[in-house]
$ cat model.cif   # mmCIF, C-alpha atoms
data_protein
loop_
_atom_site.label_atom_id
_atom_site.label_comp_id
_atom_site.auth_asym_id
_atom_site.auth_seq_id
_atom_site.Cartn_x
_atom_site.Cartn_y
_atom_site.Cartn_z
CA MET A 1 24.84 -8.53 -26.65
CA SER A 2 26.72 -7.80 -29.88
CA THR A 3 28.03 -4.45 -31.02
CA ALA A 4 27.63 -3.39 -34.67
CA LEU A 5 29.30 -0.48 -36.42
CA ASN A 6 26.80 1.86 -38.01
CA PRO A 7 28.50 3.67 -40.92
CA ARG A 8 26.25 6.71 -40.52
CA ASP A 9 26.80 7.00 -36.79
CA GLY A 10 30.51 6.41 -37.05
CA ALA A 11 30.53 4.72 -33.63
CA GLY A 12 29.82 1.36 -32.08
CA VAL A 13 26.17 1.05 -31.10
CA ARG A 14 24.72 -1.77 -29.05
CA ARG A 15 21.75 -3.33 -30.78
CA GLY A 16 18.71 -3.21 -28.58
CA ALA A 17 20.34 -0.84 -26.10
CA GLY A 18 18.23 2.14 -25.06
CA LEU A 19 18.06 4.82 -22.46
CA PRO A 20 16.08 4.01 -19.30
CA LYS A 21 12.96 6.06 -18.71
CA TRP A 22 14.48 7.94 -15.80
CA SER A 23 17.51 9.10 -17.80
CA LEU A 24 15.81 12.11 -19.43
CA TRP A 25 14.43 13.18 -16.05
CA ALA A 26 17.97 12.98 -14.71
CA VAL A 27 19.20 15.10 -17.63
CA ALA A 28 16.45 17.65 -16.94
CA ALA A 29 17.32 17.80 -13.22
CA GLY A 30 21.01 18.15 -13.98
CA SER A 31 20.31 20.88 -16.55
CA ILE A 32 18.25 22.86 -14.02
CA ALA A 33 20.91 22.51 -11.33
CA LEU A 34 23.68 23.52 -13.74
CA ALA A 35 21.64 26.47 -15.03
CA VAL A 36 21.09 27.72 -11.49
CA GLY A 37 24.81 27.43 -10.80
CA ILE A 38 25.68 29.31 -14.01
CA GLY A 39 23.10 31.98 -13.22
CA LEU A 40 24.41 32.53 -9.71
CA ALA A 41 28.02 32.55 -10.86
CA ALA A 42 27.28 35.02 -13.66
CA GLY A 43 25.12 37.25 -11.45
CA LEU A 44 21.93 36.66 -13.46
CA THR A 45 18.91 37.69 -11.39
CA SER A 46 16.16 36.83 -13.85
CA HIS A 47 14.59 33.39 -13.54
CA VAL A 48 13.69 33.63 -17.23
CA GLN A 49 17.39 33.63 -18.08
CA TRP A 50 17.93 30.61 -15.84
CA GLY A 51 15.09 28.81 -17.59
CA LEU A 52 16.47 29.51 -21.07
CA ILE A 53 19.92 28.27 -20.02
CA ALA A 54 18.36 25.13 -18.54
CA ALA A 55 16.39 24.51 -21.76
CA LEU A 56 19.53 24.82 -23.87
CA LEU A 57 21.49 22.51 -21.55
CA PHE A 58 18.63 20.00 -21.59
CA VAL A 59 18.61 19.81 -25.39
CA LEU A 60 22.40 19.50 -25.58
CA GLY A 61 22.50 16.98 -22.73
CA THR A 62 19.77 14.87 -24.33
CA TYR A 63 21.70 14.70 -27.57
CA GLY A 64 24.98 13.81 -25.83
CA VAL A 65 23.51 11.05 -23.67
CA ALA A 66 21.38 9.59 -26.47
CA ALA A 67 24.19 9.70 -29.02
CA ARG A 68 26.48 7.81 -26.67
CA ALA A 69 23.94 5.13 -25.72
CA GLU A 70 21.76 4.78 -28.83
CA GLY A 71 23.58 6.37 -31.76
CA ARG A 72 23.31 9.68 -33.55
CA ARG A 73 20.17 8.82 -35.51
CA GLN A 74 18.15 8.03 -32.40
CA ALA A 75 19.74 11.02 -30.67
CA LYS A 76 18.35 13.35 -33.34
CA ASP A 77 14.88 11.91 -32.74
CA ARG A 78 15.20 12.50 -29.00
CA VAL A 79 16.43 16.05 -29.59
CA ALA A 80 13.35 16.77 -31.71
CA THR A 81 11.16 15.43 -28.88
CA ALA A 82 13.09 17.53 -26.36
CA LEU A 83 12.56 20.65 -28.48
CA VAL A 84 8.81 19.97 -28.53
CA TRP A 85 8.75 19.71 -24.73
CA VAL A 86 10.83 22.86 -24.36
CA ALA A 87 8.48 24.77 -26.69
CA PHE A 88 5.50 23.45 -24.70
CA LEU A 89 7.00 24.63 -21.41
CA LEU A 90 7.90 28.03 -22.89
CA ALA A 91 4.24 28.44 -23.87
CA VAL A 92 2.76 27.11 -20.62
CA VAL A 93 4.97 28.88 -18.07
CA PRO A 94 3.86 32.44 -19.00
CA LEU A 95 0.22 31.30 -19.05
CA VAL A 96 0.50 29.67 -15.63
CA SER A 97 2.32 32.72 -14.31
CA LEU A 98 -0.40 35.03 -15.65
CA VAL A 99 -3.21 32.96 -14.14
CA TRP A 100 -1.41 32.63 -10.80
CA THR A 101 -0.71 36.36 -10.58
CA THR A 102 -4.29 37.25 -11.50
CA VAL A 103 -5.81 34.81 -9.02
CA SER A 104 -3.47 35.70 -6.15
CA ARG A 105 -4.08 39.43 -6.55
CA GLY A 106 -7.71 39.29 -7.65
CA VAL A 107 -9.10 37.32 -4.72
CA LYS A 108 -8.30 40.14 -2.28
CA VAL A 109 -11.57 41.99 -2.94
CA LEU A 110 -13.51 39.52 -5.08
CA ASP A 111 -16.65 38.61 -3.14
CA GLY A 112 -20.42 38.84 -3.38
CA TYR A 113 -20.45 42.53 -2.50
CA PHE A 114 -17.90 43.31 -5.21
CA LEU A 115 -19.98 41.50 -7.84
CA SER A 116 -23.33 43.00 -6.83
CA HIS A 117 -22.50 46.71 -6.38
CA SER A 118 -21.34 49.51 -8.66
CA MET A 119 -18.81 52.23 -8.00
CA GLY A 120 -21.62 54.76 -7.47
CA LEU A 121 -20.30 57.55 -5.28
CA VAL A 122 -17.14 55.66 -4.30
CA ALA A 123 -13.99 57.52 -5.34
CA ASP A 124 -11.28 55.61 -7.17
CA SER A 125 -8.89 56.09 -4.25
CA GLU A 126 -11.37 54.77 -1.66
CA PRO A 127 -11.99 51.12 -0.79
CA GLY A 128 -15.32 49.52 -1.59
CA GLY A 129 -17.40 49.61 -4.71
CA GLY A 130 -17.87 46.85 -7.22
CA ILE A 131 -18.24 45.84 -10.85
CA TYR A 132 -21.95 45.10 -11.22
CA HIS A 133 -22.37 48.03 -13.61
CA ALA A 134 -19.38 46.87 -15.66
CA ILE A 135 -20.64 43.28 -15.85
CA LEU A 136 -24.07 44.48 -16.94
CA GLY A 137 -22.56 46.76 -19.58
CA SER A 138 -20.28 44.02 -20.94
CA LEU A 139 -23.11 41.50 -21.15
CA GLU A 140 -25.35 43.94 -23.02
CA GLN A 141 -22.66 45.20 -25.38
CA VAL A 142 -21.24 41.76 -26.18
CA GLY A 143 -24.75 40.30 -26.47
CA LEU A 144 -25.85 42.93 -28.97
CA ALA A 145 -22.60 42.56 -30.91
CA THR A 146 -23.18 38.79 -31.09
CA ALA A 147 -26.78 39.28 -32.22
CA ILE A 148 -25.48 41.47 -35.07
CA GLY A 149 -22.18 39.85 -36.00
CA ALA A 150 -22.94 36.13 -35.65
CA PRO A 151 -25.85 35.91 -38.15
CA ILE A 152 -24.05 38.09 -40.69
CA GLY A 153 -20.88 36.04 -40.33
CA VAL A 154 -22.67 32.70 -40.66
CA LEU A 155 -24.69 33.82 -43.69
CA THR A 156 -21.57 35.20 -45.35
CA ALA A 157 -19.77 31.89 -44.81
CA ILE A 158 -22.74 30.00 -46.28
CA TYR A 159 -22.62 32.21 -49.36
CA LEU A 160 -18.87 31.69 -49.82
CA VAL A 161 -19.04 27.89 -49.45
CA GLU A 162 -22.37 27.04 -51.04
CA TYR A 163 -22.99 29.78 -53.62
CA GLY A 164 -19.85 31.89 -53.97
CA ARG A 165 -18.43 31.93 -57.47
CA GLY A 166 -16.69 34.58 -59.54
CA ARG A 167 -15.47 38.05 -58.68
CA LEU A 168 -17.99 38.82 -55.96
CA ALA A 169 -16.90 35.81 -53.91
CA LEU A 170 -13.23 36.74 -54.39
CA ALA A 171 -13.96 40.31 -53.29
CA VAL A 172 -15.84 39.13 -50.19
CA THR A 173 -13.01 36.75 -49.28
CA PHE A 174 -10.46 39.52 -49.73
CA PHE A 175 -12.30 41.97 -47.50
CA VAL A 176 -12.88 39.30 -44.85
CA ASP A 177 -9.13 38.68 -44.79
CA VAL A 178 -8.50 42.42 -44.49
CA MET A 179 -11.04 42.80 -41.68
CA THR A 180 -9.44 39.93 -39.77
CA GLY A 181 -6.24 41.94 -39.36
CA ILE A 182 -7.55 45.43 -38.67
CA PRO A 183 -6.75 46.84 -35.21
CA SER A 184 -9.69 47.26 -32.87
CA ILE A 185 -9.08 51.01 -32.63
CA VAL A 186 -9.85 51.32 -36.36
CA ALA A 187 -13.31 49.82 -35.88
CA GLY A 188 -13.86 52.21 -32.99
CA LEU A 189 -12.78 55.20 -35.08
CA PHE A 190 -15.13 54.16 -37.89
CA ILE A 191 -18.16 54.10 -35.58
CA LEU A 192 -16.94 57.30 -33.89
CA SER A 193 -16.88 59.10 -37.24
CA LEU A 194 -20.51 58.09 -37.81
CA MET A 195 -21.41 59.34 -34.33
CA LEU A 196 -19.78 62.69 -35.03
CA ILE A 197 -21.63 63.01 -38.33
CA LEU A 198 -24.96 62.22 -36.65
CA ASP A 199 -24.08 64.30 -33.56
CA LEU A 200 -24.55 61.40 -31.12
CA GLN A 201 -23.27 61.12 -27.57
CA PRO A 202 -21.44 58.01 -26.25
CA PHE A 203 -23.76 55.05 -25.61
CA GLY A 204 -23.45 51.30 -25.23
CA PHE A 205 -24.84 50.25 -28.59
CA ALA A 206 -22.10 52.19 -30.37
CA GLY A 207 -19.56 49.93 -28.70
CA SER A 208 -21.61 46.91 -29.78
CA LEU A 209 -21.39 48.02 -33.42
CA ALA A 210 -17.60 48.25 -33.23
CA LEU A 211 -17.37 44.86 -31.50
CA ALA A 212 -19.64 43.34 -34.17
CA ILE A 213 -17.23 44.57 -36.87
CA LEU A 214 -14.37 42.82 -35.07
CA MET A 215 -16.43 39.68 -34.56
CA MET A 216 -17.73 39.12 -38.08
CA PRO A 217 -14.50 38.05 -39.85
CA VAL A 218 -13.71 35.56 -37.07
CA VAL A 219 -17.17 34.00 -37.41
CA VAL A 220 -16.90 33.95 -41.20
CA ARG A 221 -13.56 32.15 -41.19
CA SER A 222 -14.48 29.57 -38.54
CA THR A 223 -17.90 28.86 -40.07
CA GLU A 224 -16.42 28.59 -43.54
CA GLU A 225 -13.96 25.94 -42.41
CA MET A 226 -16.70 23.97 -40.62
CA LEU A 227 -18.95 24.01 -43.68
CA LYS A 228 -16.11 22.76 -45.86
CA LEU A 229 -15.75 19.73 -43.59
CA VAL A 230 -19.31 18.56 -44.39
CA PRO A 231 -18.98 15.72 -46.96
CA ASN A 232 -20.34 16.55 -50.40
CA GLU A 233 -22.03 13.13 -50.43
CA LEU A 234 -24.56 14.41 -47.88
CA ARG A 235 -25.43 17.37 -50.10
CA GLU A 236 -25.66 15.19 -53.21
CA ALA A 237 -27.88 12.64 -51.47
CA SER A 238 -30.26 15.38 -50.34
CA LEU A 239 -30.35 17.01 -53.76
CA ALA A 240 -30.91 13.61 -55.41
CA LEU A 241 -34.14 13.30 -53.42
CA GLY A 242 -35.39 16.51 -55.02
CA ILE A 243 -34.89 18.70 -51.95
CA PRO A 244 -34.08 22.34 -52.82
CA LYS A 245 -30.60 23.57 -52.11
CA TRP A 246 -31.67 26.09 -49.49
CA ARG A 247 -33.48 23.35 -47.58
CA THR A 248 -30.48 21.06 -47.92
CA ILE A 249 -28.32 23.73 -46.34
CA LEU A 250 -30.85 24.35 -43.58
CA LYS A 251 -31.63 20.72 -42.74
CA VAL A 252 -28.43 18.85 -43.63
CA VAL A 253 -25.36 21.09 -43.84
CA LEU A 254 -25.97 23.37 -40.87
CA PRO A 255 -27.00 20.64 -38.37
CA THR A 256 -23.95 18.60 -39.35
CA SER A 257 -21.57 21.50 -38.68
CA LEU A 258 -23.54 23.15 -35.85
CA GLY A 259 -21.08 22.12 -33.16
CA GLY A 260 -18.10 23.66 -34.92
CA ILE A 261 -20.04 26.80 -35.85
CA THR A 262 -21.11 27.29 -32.24
CA THR A 263 -17.52 26.86 -31.06
CA GLY A 264 -16.35 29.48 -33.56
CA VAL A 265 -19.03 31.94 -32.44
CA MET A 266 -18.12 31.41 -28.78
CA LEU A 267 -14.44 31.97 -29.51
CA ALA A 268 -15.32 35.16 -31.37
CA VAL A 269 -17.36 36.30 -28.36
CA ALA A 270 -14.39 35.59 -26.09
CA ARG A 271 -12.18 37.60 -28.46
CA ILE A 272 -14.33 40.73 -28.35
CA ALA A 273 -15.14 40.47 -24.64
CA GLY A 274 -11.71 41.84 -23.74
CA GLU A 275 -11.54 44.72 -26.21
CA THR A 276 -10.86 48.08 -24.57
CA ALA A 277 -10.00 50.61 -27.31
CA PRO A 278 -13.39 50.80 -29.11
CA VAL A 279 -15.26 50.84 -25.80
CA LEU A 280 -13.07 53.66 -24.52
CA LEU A 281 -13.89 55.74 -27.60
CA LEU A 282 -17.59 54.98 -27.93
CA VAL A 283 -19.00 53.99 -24.53
CA PHE A 284 -16.92 56.35 -22.40
CA GLY A 285 -17.49 54.61 -19.05
CA ASN A 286 -19.97 55.25 -16.26
CA PRO A 287 -19.56 54.56 -12.52
CA PHE A 288 -23.33 54.24 -12.12
CA ILE A 289 -25.63 51.47 -13.31
CA ASN A 290 -27.04 52.08 -16.78
CA ALA A 291 -29.15 49.21 -18.05
CA ASN A 292 -30.09 50.98 -21.30
CA PRO A 293 -27.41 50.43 -23.97
CA PHE A 294 -29.16 52.82 -26.36
CA GLU A 295 -28.88 55.92 -24.20
CA GLY A 296 -26.06 57.34 -22.13
CA ALA A 297 -22.54 56.20 -21.31
CA GLN A 298 -22.02 52.67 -20.01
CA ALA A 299 -19.28 50.74 -18.30
CA SER A 300 -17.67 47.45 -19.35
CA LEU A 301 -15.20 45.10 -17.72
CA PRO A 302 -12.16 45.88 -19.95
CA LEU A 303 -12.79 49.63 -19.64
CA TYR A 304 -13.29 49.30 -15.87
CA ILE A 305 -9.95 47.48 -15.55
CA TYR A 306 -8.17 50.14 -17.60
CA GLN A 307 -9.66 53.04 -15.66
CA GLN A 308 -9.02 51.51 -12.24
CA TYR A 309 -5.42 50.66 -13.06
CA ALA A 310 -4.83 54.11 -14.53
CA GLN A 311 -6.04 55.68 -11.28
CA SER A 312 -4.17 53.32 -8.97
CA ALA A 313 -0.52 54.13 -9.81
CA GLY A 314 0.27 50.49 -9.00
CA ALA A 315 -1.16 50.44 -5.47
CA GLY A 316 -4.25 51.10 -3.40
CA ALA A 317 -7.90 50.06 -3.55
CA ALA A 318 -8.25 50.80 -7.27
CA TYR A 319 -5.31 48.50 -8.00
CA ASP A 320 -7.00 45.62 -6.13
CA ARG A 321 -10.29 46.27 -7.93
CA ALA A 322 -8.50 46.18 -11.29
CA TRP A 323 -7.04 42.73 -10.54
CA ALA A 324 -10.38 41.43 -9.24
CA ALA A 325 -12.12 42.63 -12.40
CA SER A 326 -9.38 40.96 -14.48
CA LEU A 327 -10.02 37.69 -12.67
CA THR A 328 -13.74 38.06 -13.35
CA LEU A 329 -13.10 38.67 -17.05
CA ILE A 330 -10.83 35.61 -17.28
CA ALA A 331 -13.50 33.51 -15.57
CA PHE A 332 -16.09 34.82 -18.04
CA VAL A 333 -13.96 33.89 -21.04
CA MET A 334 -13.17 30.49 -19.52
CA ILE A 335 -16.87 29.77 -19.00
CA LEU A 336 -17.56 30.70 -22.64
CA ASN A 337 -14.89 28.28 -23.83
CA LEU A 338 -16.25 25.49 -21.63
CA VAL A 339 -19.76 26.13 -22.94
CA ALA A 340 -18.44 26.05 -26.52
CA ARG A 341 -16.73 22.72 -25.92
CA GLY A 342 -19.84 21.30 -24.32
CA ILE A 343 -22.06 22.38 -27.21
CA ALA A 344 -19.56 21.09 -29.77
CA ARG A 345 -19.50 17.68 -28.09
CA TRP A 346 -23.29 17.62 -27.68
CA LYS A 347 -23.95 18.56 -31.32
CA ALA A 348 -21.15 16.45 -32.79
CA PRO A 349 -22.38 13.97 -35.43
CA LYS A 350 -23.00 10.54 -33.95
CA THR A 351 -20.66 7.86 -35.28
CA GLY A 352 -21.83 4.38 -35.99
CA ARG A 353 -20.52 1.24 -34.39
#
$ encode --input "model.cif" --output "structure tokens"
Amino acid sequence: MSTALNPRDGAGVRRGAGLPKWSLWAVAAGSIALAVGIGLAAGLTSHVQWGLIAALLFVLGTYGVAARAEGRRQAKDRVATALVWVAFLLAVVPLVSLVWTTVSRGVKVLDGYFLSHSMGLVADSEPGGGIYHAILGSLEQVGLATAIGAPIGVLTAIYLVEYGRGRLALAVTFFVDVMTGIPSIVAGLFILSLMLILDLQPFGFAGSLALAILMMPVVVRSTEEMLKLVPNELREASLALGIPKWRTILKVVLPTSLGGITTGVMLAVARIAGETAPVLLLVFGNPFINANPFEGAQASLPLYIYQQYAQSAGAGAAYDRAWAASLTLIAFVMILNLVARGIARWKAPKTGR
């Protein structure tokens, strides 16, 4: 096998030579072992620091091994790939750690009794009780918020894509962008100011109004992007047959993008399901079951988690209930995402052979 001198590499490179598949795994193992040794020698007690050192050593080691065996140009390509893997691991490790911690601590009290009973007369420091009242409150508040925010968001997106021209469309787009970035506490304060003016007491529907405000810009943006993906040829073909524009939107544009719109709505629902600040201001919390969102204080899962953790001081029955409720909320959001994916695949346009 001949050796050619690459003027850019400045070193002899064997043509056709390449690293074996196991070499990068060996570099990764060596980087981890060396990082552990450096961490122990330097007295570093944080595993995060060990991981960052291992990632740096892996990137440097990949470049050194690849540059020696394949040349500098191929080494740069392998370094870019290594950086992608390192970034992926840096994103996945905290997520896996969060899920593992929540599951390991949440399963202690998560059972049928916990899901089917409320706190009632159970004190925060006592064992027992459940989250039925919080689940019921969250379902009602998020459901009402979706019933308000989703139609308004979808109709606004239809206006911006299909009809929006001139200053009004620019103003609507600007305010949607502004609403996307507002903190949740601002939406809660807005509804709270209206409640104070009207002399209203905390109730579940007030929280739904604040959640709807947070939901609308997310639905508008996602729906707008889905509508833009519909080919103009479909609209033009429908209009060429003499079908009115409103009917074209209803029968052609919306069915074509229904899967993406549904996914966006589900993601918006998952986003508002974990909001605590507006619920804390407007709903106020209630240890008893209140199935009427239009009268009296209600509970919700995020508010229940906050209140139980605030009372637990990091230990005790309330601490276990807070983690179990967190696991329930994560499962709820996960189910919503799975449902959104299923609907998006079911309603995806059929492709020809």
$ residues_around --input "model.cif" --residues "Trp85 (chain A)" --least-positions-apart "6" --cutoff "10 Å" --atoms "all atoms listed in the file" --output "ChimeraX atom specification"
/A:55,59,79,91
$ closest_residue --input "model.cif" --among "A:Ser193, A:Ser23, A:Ser184, A:Ser208" --to "Ala66 (chain A)" --atoms "only C-alpha atoms"
A:Ser23
$ residues_around --input "model.cif" --residues "region 116-127 of chain A" --least-positions-apart "6" --cutoff "10 Å" --atoms "all atoms listed in the file" --output "ChimeraX atom specification"
/A:109,133-135,286-289,299,307-312,315-321
$ atom_distance --input "model.cif" --atom1 "CA of Thr146 (chain A)" --atom2 "CA of Leu250 (chain A)"
20.6 Å
$ residues_near_point --input "model.cif" --point "(-10.1, 40.9, -6.5)" --cutoff "9 Å" --atoms "only C-alpha atoms" --output "PyMOL selection string"
chain A and resi 102-111+114+320-328
$ residues_near_point --input "model.cif" --point "(19.3, 13.7, -26.9)" --cutoff "9 Å" --atoms "all atoms listed in the file" --output "ChimeraX atom specification"
/A:24,58-67,72,74-82
$ axis_aligned_box --input "model.cif" --around "region 191-208 of chain A" --padding-each-side "5 Å" --output "lines of an AutoDock Vina configuration file"
center_x = -20.9
center_y = 55.6
center_z = -31.8
size_x = 18.1
size_y = 27.4
size_z = 23.1
$ residues_around --input "model.cif" --residues "Glu224 (chain A)" --least-positions-apart "6" --cutoff "9 Å" --atoms "all atoms listed in the file" --output "MDAnalysis selection string"
chainID A and resid 154 156:158 160:161 261
$ closest_residue --input "model.cif" --among "A:Leu44, A:Leu155, A:Leu338, A:Val269" --to "Gln141 (chain A)" --atoms "only C-alpha atoms"
A:Val269
$ closest_atom_pairs --input "model.cif" --of "region 156-185 of chain A" --to "region 240-247 of chain A" --cutoff "12 Å" --atoms "all atoms listed in the file" --output "Markdown table"
| residue | atom | partner | partner_atom | distance |
| --- | --- | --- | --- | --- |
| A:Ile158 | CA | A:Trp246 | CA | 10.3 |
| A:Tyr159 | CA | A:Trp246 | CA | 10.9 |
| A:Glu162 | CA | A:Lys245 | CA | 9.0 |
| A:Tyr163 | CA | A:Lys245 | CA | 9.9 |
$ resolve_selection --input "model.cif" --expression "the PyMOL selection byres ((chain A and resi 339-343) around 10)" --output "list of chain:residue names"
A:Leu258, A:Gly259, A:Gly260, A:Ile261, A:Thr262, A:Thr263, A:Gly264, A:Val265, A:Met266, A:Leu267, A:Val333, A:Met334, A:Ile335, A:Leu336, A:Asn337, A:Leu338, A:Ala344, A:Arg345, A:Trp346, A:Lys347, A:Ala348
$ atom_distance --input "model.cif" --atom1 "CA of Ala237 (chain A)" --atom2 "CA of Leu168 (chain A)"
28.3 Å
$ closest_residue --input "model.cif" --among "A:Gly137, A:Gly153, A:Gly181, A:Gly274" --to "Asn292 (chain A)" --atoms "all atoms listed in the file"
A:Gly137
$ resolve_selection --input "model.cif" --expression "the PyMOL selection byres ((chain A and resi 296) around 7)" --output "PDB file with C-alpha atoms, in the coordinates of the input"
ATOM      1  CA  PRO A 202     -21.440  58.010 -26.250  1.00  0.00           C
ATOM      2  CA  PHE A 203     -23.760  55.050 -25.610  1.00  0.00           C
ATOM      3  CA  PHE A 294     -29.160  52.820 -26.360  1.00  0.00           C
ATOM      4  CA  GLU A 295     -28.880  55.920 -24.200  1.00  0.00           C
ATOM      5  CA  ALA A 297     -22.540  56.200 -21.310  1.00  0.00           C
ATOM      6  CA  GLN A 298     -22.020  52.670 -20.010  1.00  0.00           C
TER       7      GLN A 298
END
$ residues_around --input "model.cif" --residues "Leu281 (chain A)" --least-positions-apart "2" --cutoff "10 Å" --atoms "all atoms listed in the file" --output "number ranges by chain"
A: 185, 188-189, 191-192, 202, 206-207, 276-279, 283-285
$ atom_distance --input "model.cif" --atom1 "CA of Trp100 (chain A)" --atom2 "CA of Leu40 (chain A)"
25.8 Å
$ residues_around --input "model.cif" --residues "Leu234 (chain A)" --least-positions-apart "2" --cutoff "10 Å" --atoms "all atoms listed in the file" --output "list in words"
Val230, Pro231, Asn232, Glu236, Ala237, Ser238, Leu239, Ala240, Thr248, Val252, Val253 and Thr256 of chain A
$ closest_residue --input "model.cif" --among "A:Glu140, A:Asp177, A:Glu233, A:Glu70" --to "Phe205 (chain A)" --atoms "all atoms listed in the file"
A:Glu140
$ closest_residue --input "model.cif" --among "A:Leu139, A:Ala87, A:Val93, A:Ala42" --to "Gly204 (chain A)" --atoms "all atoms listed in the file"
A:Leu139
$ decode --input "model.cif" --residues "region 321-334 of chain A" --atoms "N, CA, C and O atoms" --output "PDB file, in the first residue's frame"
ATOM      1  N   ARG A 321     -45.229  12.668  48.423  1.00  0.00           N
ATOM      2  CA  ARG A 321     -46.393  13.003  47.605  1.00  0.00           C
ATOM      3  C   ARG A 321     -46.028  13.968  46.485  1.00  0.00           C
ATOM      4  O   ARG A 321     -46.570  13.880  45.382  1.00  0.00           O
ATOM      5  N   ALA A 322     -45.124  14.903  46.759  1.00  0.00           N
ATOM      6  CA  ALA A 322     -44.703  15.853  45.727  1.00  0.00           C
ATOM      7  C   ALA A 322     -44.022  15.132  44.567  1.00  0.00           C
ATOM      8  O   ALA A 322     -44.296  15.413  43.392  1.00  0.00           O
ATOM      9  N   TRP A 323     -43.150  14.150  44.880  1.00  0.00           N
ATOM     10  CA  TRP A 323     -42.473  13.413  43.813  1.00  0.00           C
ATOM     11  C   TRP A 323     -43.454  12.513  43.058  1.00  0.00           C
ATOM     12  O   TRP A 323     -43.364  12.368  41.832  1.00  0.00           O
ATOM     13  N   ALA A 324     -44.407  11.906  43.758  1.00  0.00           N
ATOM     14  CA  ALA A 324     -45.401  11.075  43.083  1.00  0.00           C
ATOM     15  C   ALA A 324     -46.280  11.910  42.158  1.00  0.00           C
ATOM     16  O   ALA A 324     -46.612  11.481  41.042  1.00  0.00           O
ATOM     17  N   ALA A 325     -46.657  13.105  42.587  1.00  0.00           N
ATOM     18  CA  ALA A 325     -47.429  13.991  41.722  1.00  0.00           C
ATOM     19  C   ALA A 325     -46.600  14.448  40.526  1.00  0.00           C
ATOM     20  O   ALA A 325     -47.129  14.596  39.411  1.00  0.00           O
ATOM     21  N   SER A 326     -45.304  14.664  40.728  1.00  0.00           N
ATOM     22  CA  SER A 326     -44.428  15.033  39.611  1.00  0.00           C
ATOM     23  C   SER A 326     -44.362  13.917  38.582  1.00  0.00           C
ATOM     24  O   SER A 326     -44.408  14.170  37.369  1.00  0.00           O
ATOM     25  N   LEU A 327     -44.273  12.679  39.062  1.00  0.00           N
ATOM     26  CA  LEU A 327     -44.260  11.543  38.139  1.00  0.00           C
ATOM     27  C   LEU A 327     -45.573  11.449  37.376  1.00  0.00           C
ATOM     28  O   LEU A 327     -45.594  11.155  36.171  1.00  0.00           O
ATOM     29  N   THR A 328     -46.675  11.712  38.045  1.00  0.00           N
ATOM     30  CA  THR A 328     -47.980  11.699  37.381  1.00  0.00           C
ATOM     31  C   THR A 328     -48.060  12.779  36.307  1.00  0.00           C
ATOM     32  O   THR A 328     -48.578  12.545  35.200  1.00  0.00           O
ATOM     33  N   LEU A 329     -47.547  13.965  36.598  1.00  0.00           N
ATOM     34  CA  LEU A 329     -47.571  15.057  35.630  1.00  0.00           C
ATOM     35  C   LEU A 329     -46.700  14.731  34.420  1.00  0.00           C
ATOM     36  O   LEU A 329     -47.089  15.004  33.271  1.00  0.00           O
ATOM     37  N   ILE A 330     -45.525  14.142  34.653  1.00  0.00           N
ATOM     38  CA  ILE A 330     -44.658  13.751  33.541  1.00  0.00           C
ATOM     39  C   ILE A 330     -45.351  12.703  32.676  1.00  0.00           C
ATOM     40  O   ILE A 330     -45.298  12.765  31.434  1.00  0.00           O
ATOM     41  N   ALA A 331     -46.021  11.736  33.320  1.00  0.00           N
ATOM     42  CA  ALA A 331     -46.744  10.717  32.560  1.00  0.00           C
ATOM     43  C   ALA A 331     -47.864  11.343  31.739  1.00  0.00           C
ATOM     44  O   ALA A 331     -48.109  10.946  30.585  1.00  0.00           O
ATOM     45  N   PHE A 332     -48.544  12.337  32.303  1.00  0.00           N
ATOM     46  CA  PHE A 332     -49.619  13.024  31.586  1.00  0.00           C
ATOM     47  C   PHE A 332     -49.083  13.729  30.344  1.00  0.00           C
ATOM     48  O   PHE A 332     -49.655  13.612  29.246  1.00  0.00           O
ATOM     49  N   VAL A 333     -47.977  14.438  30.491  1.00  0.00           N
ATOM     50  CA  VAL A 333     -47.382  15.138  29.347  1.00  0.00           C
ATOM     51  C   VAL A 333     -46.872  14.138  28.311  1.00  0.00           C
ATOM     52  O   VAL A 333     -47.008  14.340  27.095  1.00  0.00           O
ATOM     53  N   MET A 334     -46.297  13.029  28.775  1.00  0.00           N
ATOM     54  CA  MET A 334     -45.806  12.014  27.846  1.00  0.00           C
ATOM     55  C   MET A 334     -46.953  11.404  27.045  1.00  0.00           C
ATOM     56  O   MET A 334     -46.827  11.184  25.834  1.00  0.00           O
TER      57      MET A 334
END
